[in-house]
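Next up, upload.json (JSON, C-alpha atoms and all ligand atoms):
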[["chain", "number", "residue", "atom", "x", "y", "z"],
["A", 1, "MET", "CA", 1.19, -10.42, 10.28],
["A", 2, "GLU", "CA", -1.39, -9.21, 12.74],
["A", 3, "ILE", "CA", -0.44, -8.55, 16.35],
["A", 4, "SER", "CA", -2.99, -8.34, 19.14],
["A", 5, "LEU", "CA", -2.50, -5.44, 21.52],
["A", 6, "LEU", "CA", -5.15, -6.83, 23.86],
["A", 7, "PRO", "CA", -2.66, -7.46, 26.73],
["A", 8, "ILE", "CA", -1.65, -3.76, 26.85],
["A", 9, "VAL", "CA", -4.35, -1.72, 25.17],
["A", 10, "ASN", "CA", -6.14, -0.89, 28.42],
["A", 11, "ALA", "CA", -3.18, -1.16, 30.78],
["A", 12, "GLU", "CA", -1.11, 2.00, 31.13],
["A", 13, "GLY", "CA", 2.61, 1.33, 31.52],
["A", 14, "ARG", "CA", 2.35, -2.18, 30.08],
["A", 15, "GLU", "CA", 4.78, -3.29, 27.34],
["A", 16, "LEU", "CA", 4.56, -5.92, 24.65],
["A", 17, "ALA", "CA", 7.81, -7.08, 23.10],
["A", 18, "VAL", "CA", 7.73, -8.39, 19.54],
["A", 19, "SER", "CA", 10.33, -10.34, 17.63],
["A", 20, "GLU", "CA", 9.15, -11.51, 14.24],
["A", 21, "ASN", "CA", 10.43, -12.74, 10.92],
["A", 22, "LEU", "CA", 8.31, -11.06, 8.27],
["A", 23, "ASP", "CA", 8.02, -12.53, 4.80],
["A", 24, "PHE", "CA", 7.99, -9.92, 2.01],
["A", 25, "SER", "CA", 9.00, -12.33, -0.76],
["A", 26, "ALA", "CA", 5.64, -11.84, -2.52],
["A", 27, "LYS", "CA", 6.11, -8.06, -2.83],
["A", 28, "ASN", "CA", 6.49, -7.00, -6.40],
["A", 29, "GLU", "CA", 8.64, -3.87, -6.54],
["A", 30, "VAL", "CA", 10.74, -2.58, -9.41],
["A", 31, "GLY", "CA", 14.46, -3.20, -8.89],
["A", 32, "VAL", "CA", 14.26, -4.79, -5.45],
["A", 33, "SER", "CA", 13.02, -8.03, -3.93],
["A", 34, "PHE", "CA", 13.14, -9.65, -0.52],
["A", 35, "PRO", "CA", 13.74, -13.38, -0.89],
["A", 36, "GLU", "CA", 14.84, -13.66, 2.75],
["A", 37, "PRO", "CA", 12.55, -12.78, 5.66],
["A", 38, "LEU", "CA", 13.01, -9.45, 7.43],
["A", 39, "SER", "CA", 13.82, -9.73, 11.11],
["A", 40, "PHE", "CA", 12.05, -7.19, 13.26],
["A", 41, "THR", "CA", 12.40, -6.64, 16.99],
["A", 42, "GLY", "CA", 10.61, -3.95, 18.90],
["A", 43, "LYS", "CA", 8.09, -3.19, 21.58],
["A", 44, "PHE", "CA", 4.70, -1.64, 21.99],
["A", 45, "VAL", "CA", 4.34, 0.53, 25.09],
["A", 46, "ASN", "CA", 1.10, 1.86, 26.49],
["A", 47, "THR", "CA", 2.18, 5.33, 27.63],
["A", 48, "GLY", "CA", -1.25, 6.38, 28.85],
["A", 49, "ASN", "CA", -1.64, 8.82, 25.94],
["A", 50, "GLY", "CA", -1.55, 6.09, 23.35],
["A", 51, "ILE", "CA", 0.59, 3.19, 22.28],
["A", 52, "GLU", "CA", 4.09, 3.72, 21.01],
["A", 53, "LEU", "CA", 5.91, 1.23, 18.82],
["A", 54, "THR", "CA", 9.68, 1.42, 18.53],
["A", 55, "GLY", "CA", 11.89, -1.14, 16.91],
["A", 56, "SER", "CA", 14.39, -1.99, 14.26],
["A", 57, "GLY", "CA", 14.37, -4.12, 11.14],
["A", 58, "GLU", "CA", 17.05, -5.85, 9.12],
["A", 59, "VAL", "CA", 16.76, -7.62, 5.78],
["A", 60, "ASP", "CA", 19.04, -8.87, 3.01],
["A", 61, "ALA", "CA", 17.49, -7.30, -0.07],
["A", 62, "GLU", "CA", 18.19, -8.24, -3.67],
["A", 63, "PHE", "CA", 18.65, -5.21, -5.90],
["A", 64, "THR", "CA", 18.91, -4.84, -9.65],
["A", 65, "CYS", "CA", 21.43, -2.16, -10.66],
["A", 66, "ASP", "CA", 19.77, 0.75, -12.51],
["A", 67, "ARG", "CA", 22.75, 1.09, -14.80],
["A", 68, "CYS", "CA", 24.03, -2.40, -15.63],
["A", 69, "GLY", "CA", 21.15, -4.68, -14.61],
["A", 70, "GLU", "CA", 23.33, -6.85, -12.40],
["A", 71, "VAL", "CA", 21.59, -8.38, -9.38],
["A", 72, "PHE", "CA", 23.32, -7.87, -6.06],
["A", 73, "GLU", "CA", 22.53, -8.24, -2.36],
["A", 74, "ASP", "CA", 22.63, -5.48, 0.19],
["A", 75, "LYS", "CA", 21.60, -5.38, 3.81],
["A", 76, "ILE", "CA", 18.99, -2.79, 4.75],
["A", 77, "THR", "CA", 18.67, -1.81, 8.39],
["A", 78, "PHE", "CA", 16.31, 0.79, 9.78],
["A", 79, "GLU", "CA", 14.69, 2.07, 12.94],
["A", 80, "LEU", "CA", 11.02, 2.82, 13.22],
["A", 81, "GLU", "CA", 8.75, 4.70, 15.55],
["A", 82, "GLU", "CA", 4.96, 4.69, 15.26],
["A", 83, "TRP", "CA", 2.19, 6.04, 17.38],
["A", 84, "PHE", "CA", -1.24, 4.48, 17.85],
["A", 85, "ILE", "CA", -4.33, 5.73, 19.59],
["A", 86, "LYS", "CA", -7.69, 4.16, 20.22],
["A", 87, "ALA", "CA", -10.49, 5.12, 17.87],
["A", 88, "SER", "CA", -12.31, 6.73, 20.82],
["A", 89, "GLU", "CA", -9.49, 9.22, 21.41],
["A", 90, "GLU", "CA", -8.67, 12.51, 19.74],
["A", 91, "THR", "CA", -5.88, 12.40, 17.13],
["A", 92, "ASN", "CA", -5.28, 16.16, 17.45],
["A", 93, "GLY", "CA", -5.11, 16.08, 13.69],
["A", 94, "ASP", "CA", -1.70, 14.44, 13.68],
["A", 95, "PRO", "CA", -1.54, 12.58, 10.36],
["A", 96, "ASP", "CA", 1.25, 10.31, 11.60],
["A", 97, "THR", "CA", -0.95, 8.79, 14.24],
["A", 98, "ILE", "CA", -2.47, 5.40, 13.44],
["A", 99, "VAL", "CA", -5.97, 4.95, 14.76],
["A", 100, "LEU", "CA", -6.54, 1.54, 16.28],
["A", 101, "GLU", "CA", -9.62, -0.27, 15.10],
["A", 102, "GLY", "CA", -10.11, -2.84, 17.84],
["A", 103, "ASP", "CA", -6.89, -4.20, 19.28],
["A", 104, "MET", "CA", -5.22, -5.71, 16.20],
["A", 105, "VAL", "CA", -2.40, -4.02, 14.29],
["A", 106, "ASP", "CA", -0.95, -5.18, 11.00],
["A", 107, "LEU", "CA", 2.72, -5.27, 11.93],
["A", 108, "GLY", "CA", 3.75, -6.48, 8.47],
["A", 109, "GLU", "CA", 2.19, -3.46, 6.78],
["A", 110, "ILE", "CA", 3.71, -0.97, 9.24],
["A", 111, "VAL", "CA", 7.19, -2.50, 8.97],
["A", 112, "TYR", "CA", 6.97, -2.71, 5.18],
["A", 113, "ARG", "CA", 6.04, 0.96, 4.89],
["A", 114, "ASN", "CA", 9.10, 1.86, 6.97],
["A", 115, "LEU", "CA", 11.32, -0.52, 5.01],
["A", 116, "PHE", "CA", 10.16, 1.11, 1.78],
["A", 117, "MET", "CA", 11.01, 4.61, 3.06],
["A", 118, "ASN", "CA", 14.53, 3.36, 3.78],
["A", 119, "LEU", "CA", 15.24, 1.99, 0.31],
["A", 120, "PRO", "CA", 17.80, 3.91, -1.74],
["A", 121, "MET", "CA", 16.38, 6.27, -4.38],
["A", 122, "LYS", "CA", 18.92, 5.21, -6.95],
["A", 123, "VAL", "CA", 20.14, 1.63, -7.05],
["A", 124, "LEU", "CA", 23.71, 1.16, -8.23],
["A", 125, "CYS", "CA", 25.80, -1.99, -7.76],
["A", 126, "LYS", "CA", 28.71, 0.36, -7.02],
["A", 127, "GLU", "CA", 29.24, 4.11, -7.01],
["A", 128, "ASP", "CA", 31.16, 4.11, -10.30],
["A", 129, "CYS", "CA", 29.19, 1.43, -12.16],
["A", 130, "LYS", "CA", 30.18, 1.72, -15.82],
["A", 131, "GLY", "CA", 26.86, 0.38, -17.11],
["A", 132, "LEU", "CA", 26.27, -1.35, -20.39],
["A", 133, "CYS", "CA", 27.70, -0.65, -23.82],
["A", 134, "ALA", "CA", 25.02, 1.13, -25.84],
["A", 135, "LYS", "CA", 25.99, -0.88, -28.93],
["A", 136, "CYS", "CA", 26.56, -4.48, -27.87],
["A", 137, "GLY", "CA", 25.06, -4.49, -24.36],
["A", 138, "ALA", "CA", 28.24, -5.81, -22.73],
["A", 139, "ASN", "CA", 28.60, -5.09, -19.03],
["A", 140, "LEU", "CA", 31.52, -2.65, -19.02],
["A", 141, "ASN", "CA", 32.30, -3.43, -15.36],
["A", 142, "HIS", "CA", 33.64, -6.75, -16.64],
["A", 143, "GLY", "CA", 36.01, -5.08, -19.10],
["A", 144, "GLU", "CA", 35.93, -3.06, -22.28],
["A", 145, "CYS", "CA", 34.12, -4.47, -25.28],
["A", 146, "SER", "CA", 35.53, -4.16, -28.78],
["A", 147, "CYS", "CA", 32.95, -1.62, -30.00],
["A", 148, "ASP", "CA", 34.08, 1.64, -31.55],
["A", 149, "LYS", "CA", 33.34, 4.23, -28.85],
["A", 150, "ARG", "CA", 34.01, 7.29, -31.03],
["A", 151, "GLU", "CA", 31.02, 9.56, -31.35],
["A", 152, "VAL", "CA", 29.45, 9.02, -34.73],
["A", 153, "ASN", "CA", 28.18, 12.20, -36.34],
["A", 154, "PRO", "CA", 24.60, 11.31, -37.38],
["A", 155, "ALA", "CA", 25.14, 13.14, -40.69],
["A", 156, "PHE", "CA", 27.83, 10.64, -41.59],
["A", 157, "ALA", "CA", 26.22, 7.59, -40.02],
["A", 158, "ASP", "CA", 24.67, 6.43, -43.29],
["A", 159, "LEU", "CA", 27.88, 7.09, -45.14],
["A", 160, "ASP", "CA", 29.63, 4.95, -42.54],
["A", 161, "LYS", "CA", 27.39, 2.00, -43.42],
["A", 162, "LEU", "CA", 28.27, 2.27, -47.09],
["A", 163, "LEU", "CA", 31.96, 2.01, -46.44],
["A", 201, "ZN", "ZN", 25.83, -1.72, -12.04],
["A", 202, "ZN", "ZN", 30.12, -2.87, -27.02]]
Have the structure of the file written as structure tokens, please.
Ligand SMILES: [Zn+2]
Ligand SMILES: [Zn+2]
Amino acid sequence: MEISLLPIVNAEGRELAVSENLDFSAKNEVGVSFPEPLSFTGKFVNTGNGIELTGSGEVDAEFTCDRCGEVFEDKITFELEEWFIKASEETNGDPDTIVLEGDMVDLGEIVYRNLFMNLPMKVLCKEDCKGLCAKCGANLNHGECSCDKREVNPAFADLDKLL
């Protein structure tokens, strides 16, 4: 999703409002997918020192629980702030500044990077997810399985089989 900053790039004080639905359904991440488009609203402002982008995004993400493997939906909302300057200007060595090549910016890429930073480190369907039974694989959130949960001493494990 490329946005042209042509209307504001050389006009100090000028703003460009954006309101886009961004499709990230083709992204292939572990444990999370985005079947629904992300809605982003924000604005680019030419401040005279560069162009500032502020905005917020919202998307219904589909997560896979790290512990039980269940798929569940959760809404992710985040704010973003980015700073652009023209290639002809000094960056002052600020690594967070995006240098504009021409007047096009890839809004999808910028929003996705911010979305990614706002994803949870650990994905759990609920705080106290009980996970899966190590023996039969049953989802223990749905109730106890009939497996013997006593710790088996490995020294007696073979003996156990004989009985
Ligand atoms: Zn779970
Ligand atoms: Zn079991």
Counting all atoms listed in the file, the residue of A:Pro7, A:Pro120, A:Gly108, A:Gly69 that sits nearest ligand ZN 201 (chain A): A:Gly69
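Among A:Thr54, A:Asn139, A:Asn46, A:Ser39, the residue with the shortest atom-to-atom distance to ligand ZN 202 (chain A), counting all atoms listed in the file, is A:Asn139.
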Which residues sit within 8 Å of ligand ZN 201 (chain A), counting all atoms listed in the file, listed as a PyMOL selection string? chain A and resi 64-70+124-126+129-131+141
Considering all atoms listed in the file, give me a table of residues in chain A that are at most 6 Å from ligand ZN 202 (chain A), with the closest atom pair and distance in Å for each, as JSON lines.
{"residue": "A:Cys133", "atom": "CA", "partner": "A:ZN202", "partner_atom": "ZN", "distance": 4.6}
{"residue": "A:Lys135", "atom": "CA", "partner": "A:ZN202", "partner_atom": "ZN", "distance": 5.0}
{"residue": "A:Cys136", "atom": "CA", "partner": "A:ZN202", "partner_atom": "ZN", "distance": 4.0}
{"residue": "A:Gly137", "atom": "CA", "partner": "A:ZN202", "partner_atom": "ZN", "distance": 5.9}
{"residue": "A:Ala138", "atom": "CA", "partner": "A:ZN202", "partner_atom": "ZN", "distance": 5.5}
{"residue": "A:Cys145", "atom": "CA", "partner": "A:ZN202", "partner_atom": "ZN", "distance": 4.6}
{"residue": "A:Ser146", "atom": "CA", "partner": "A:ZN202", "partner_atom": "ZN", "distance": 5.8}
{"residue": "A:Cys147", "atom": "CA", "partner": "A:ZN202", "partner_atom": "ZN", "distance": 4.3}
Expressed in Å, the length from CA of Gly102 (chain A) to CA of Phe44 (chain A) is 15.4 Å
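If you measure from each of A:Lys75, A:Lys86, A:His142, A:Arg113 to Phe63 (chain A) using all atoms listed in the file, the closest one turns out to be A:Lys75.
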Would you kindly identify which residues have an atom no farther than 9 Å from (-4.3, 2.8, 27.1), using all atoms listed in the file and the file's own coordinates, and write them out as an MDAnalysis selection string? chainID A and resid 8:14 46:51 85:86
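For the pair CA of Thr41 (chain A) and CA of Glu81 (chain A), the interatomic distance is 12.0 Å.
Interatomic distance, CA of Trp83 (chain A) to CA of Val105 (chain A): 11.5 Å.
Shortest atom-to-atom contact with Leu100 (chain A) among A:Phe78, A:Phe34, A:Tyr112, A:Phe84: A:Phe84, counting all atoms listed in the file.
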10 Å contact set for Glu62 (chain A), all atoms listed in the file, chain neighbours under 2 positions out, as a count of residues only: 15
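Distances to Glu2 (chain A) were evaluated for A:Met104, A:Phe116, A:Met121, A:Val111 using all atoms listed in the file, and the minimum falls at A:Met104.
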Add whatever atoms are absent from region 62-73 of chain A to reach all heavy atoms, and provide the output as a compact mmCIF listing (two decimals), in the coordinates of the input.
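Now in out.txt:
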# COMPACT_ATOMS: atom_id res chain seq x y z
N GLU A 62 17.56 -7.98 -2.37
CA GLU A 62 18.19 -8.24 -3.67
C GLU A 62 17.84 -7.09 -4.61
O GLU A 62 16.67 -6.88 -4.92
CB GLU A 62 17.66 -9.56 -4.24
CG GLU A 62 18.75 -10.57 -4.47
CD GLU A 62 18.21 -11.87 -5.01
OE1 GLU A 62 17.52 -11.86 -6.04
OE2 GLU A 62 18.47 -12.90 -4.37
N PHE A 63 18.86 -6.36 -5.05
CA PHE A 63 18.65 -5.21 -5.90
C PHE A 63 19.07 -5.51 -7.33
O PHE A 63 19.92 -6.36 -7.57
CB PHE A 63 19.48 -4.02 -5.41
CG PHE A 63 19.02 -3.45 -4.10
CD1 PHE A 63 19.66 -3.79 -2.93
CD2 PHE A 63 17.94 -2.59 -4.06
CE1 PHE A 63 19.23 -3.27 -1.72
CE2 PHE A 63 17.51 -2.06 -2.86
CZ PHE A 63 18.16 -2.40 -1.69
N THR A 64 18.46 -4.80 -8.26
CA THR A 64 18.91 -4.84 -9.65
C THR A 64 19.48 -3.46 -9.98
O THR A 64 18.79 -2.45 -9.84
CB THR A 64 17.72 -5.14 -10.59
OG1 THR A 64 17.11 -6.36 -10.15
CG2 THR A 64 18.20 -5.32 -12.02
N CYS A 65 20.75 -3.43 -10.39
CA CYS A 65 21.43 -2.16 -10.66
C CYS A 65 20.72 -1.40 -11.78
O CYS A 65 20.41 -1.96 -12.83
CB CYS A 65 22.89 -2.42 -11.03
SG CYS A 65 23.79 -0.93 -11.47
N ASP A 66 20.44 -0.10 -11.52
CA ASP A 66 19.77 0.75 -12.51
C ASP A 66 20.57 0.89 -13.80
O ASP A 66 20.03 1.14 -14.86
CB ASP A 66 19.59 2.17 -11.95
CG ASP A 66 18.45 2.24 -10.95
OD1 ASP A 66 17.64 1.30 -10.91
OD2 ASP A 66 18.39 3.24 -10.20
N ARG A 67 21.88 0.79 -13.68
CA ARG A 67 22.75 1.09 -14.80
C ARG A 67 23.16 -0.15 -15.59
O ARG A 67 23.18 -0.12 -16.82
CB ARG A 67 23.98 1.83 -14.28
CG ARG A 67 24.41 2.98 -15.17
CD ARG A 67 25.54 3.75 -14.53
NE ARG A 67 25.10 4.91 -13.77
CZ ARG A 67 25.89 5.60 -12.94
NH1 ARG A 67 27.15 5.24 -12.77
NH2 ARG A 67 25.42 6.64 -12.29
N CYS A 68 23.51 -1.23 -14.91
CA CYS A 68 24.03 -2.40 -15.63
C CYS A 68 23.12 -3.62 -15.54
O CYS A 68 23.34 -4.61 -16.25
CB CYS A 68 25.43 -2.76 -15.13
SG CYS A 68 25.45 -3.50 -13.49
N GLY A 69 22.10 -3.57 -14.68
CA GLY A 69 21.15 -4.68 -14.61
C GLY A 69 21.62 -5.87 -13.79
O GLY A 69 20.91 -6.86 -13.66
N GLU A 70 22.81 -5.76 -13.23
CA GLU A 70 23.33 -6.85 -12.40
C GLU A 70 22.53 -6.94 -11.10
O GLU A 70 22.15 -5.93 -10.52
CB GLU A 70 24.80 -6.55 -12.09
CG GLU A 70 25.58 -7.75 -11.65
CD GLU A 70 26.50 -8.27 -12.77
OE1 GLU A 70 26.02 -8.46 -13.92
OE2 GLU A 70 27.67 -8.45 -12.49
N VAL A 71 22.30 -8.18 -10.64
CA VAL A 71 21.59 -8.38 -9.38
C VAL A 71 22.61 -8.51 -8.26
O VAL A 71 23.60 -9.23 -8.40
CB VAL A 71 20.69 -9.62 -9.46
CG1 VAL A 71 20.07 -9.94 -8.09
CG2 VAL A 71 19.59 -9.42 -10.50
N PHE A 72 22.40 -7.78 -7.19
CA PHE A 72 23.32 -7.87 -6.06
C PHE A 72 22.54 -7.76 -4.75
O PHE A 72 21.42 -7.28 -4.72
CB PHE A 72 24.39 -6.76 -6.13
CG PHE A 72 23.84 -5.36 -6.07
CD1 PHE A 72 23.86 -4.65 -4.89
CD2 PHE A 72 23.29 -4.76 -7.20
CE1 PHE A 72 23.33 -3.36 -4.82
CE2 PHE A 72 22.77 -3.47 -7.14
CZ PHE A 72 22.79 -2.78 -5.96
N GLU A 73 23.17 -8.26 -3.68
CA GLU A 73 22.53 -8.24 -2.36
C GLU A 73 23.05 -7.09 -1.54
O GLU A 73 24.22 -6.74 -1.63
CB GLU A 73 22.84 -9.54 -1.62
CG GLU A 73 21.73 -10.54 -1.70
CD GLU A 73 21.87 -11.65 -0.67
OE1 GLU A 73 22.62 -11.49 0.31
OE2 GLU A 73 21.22 -12.68 -0.88
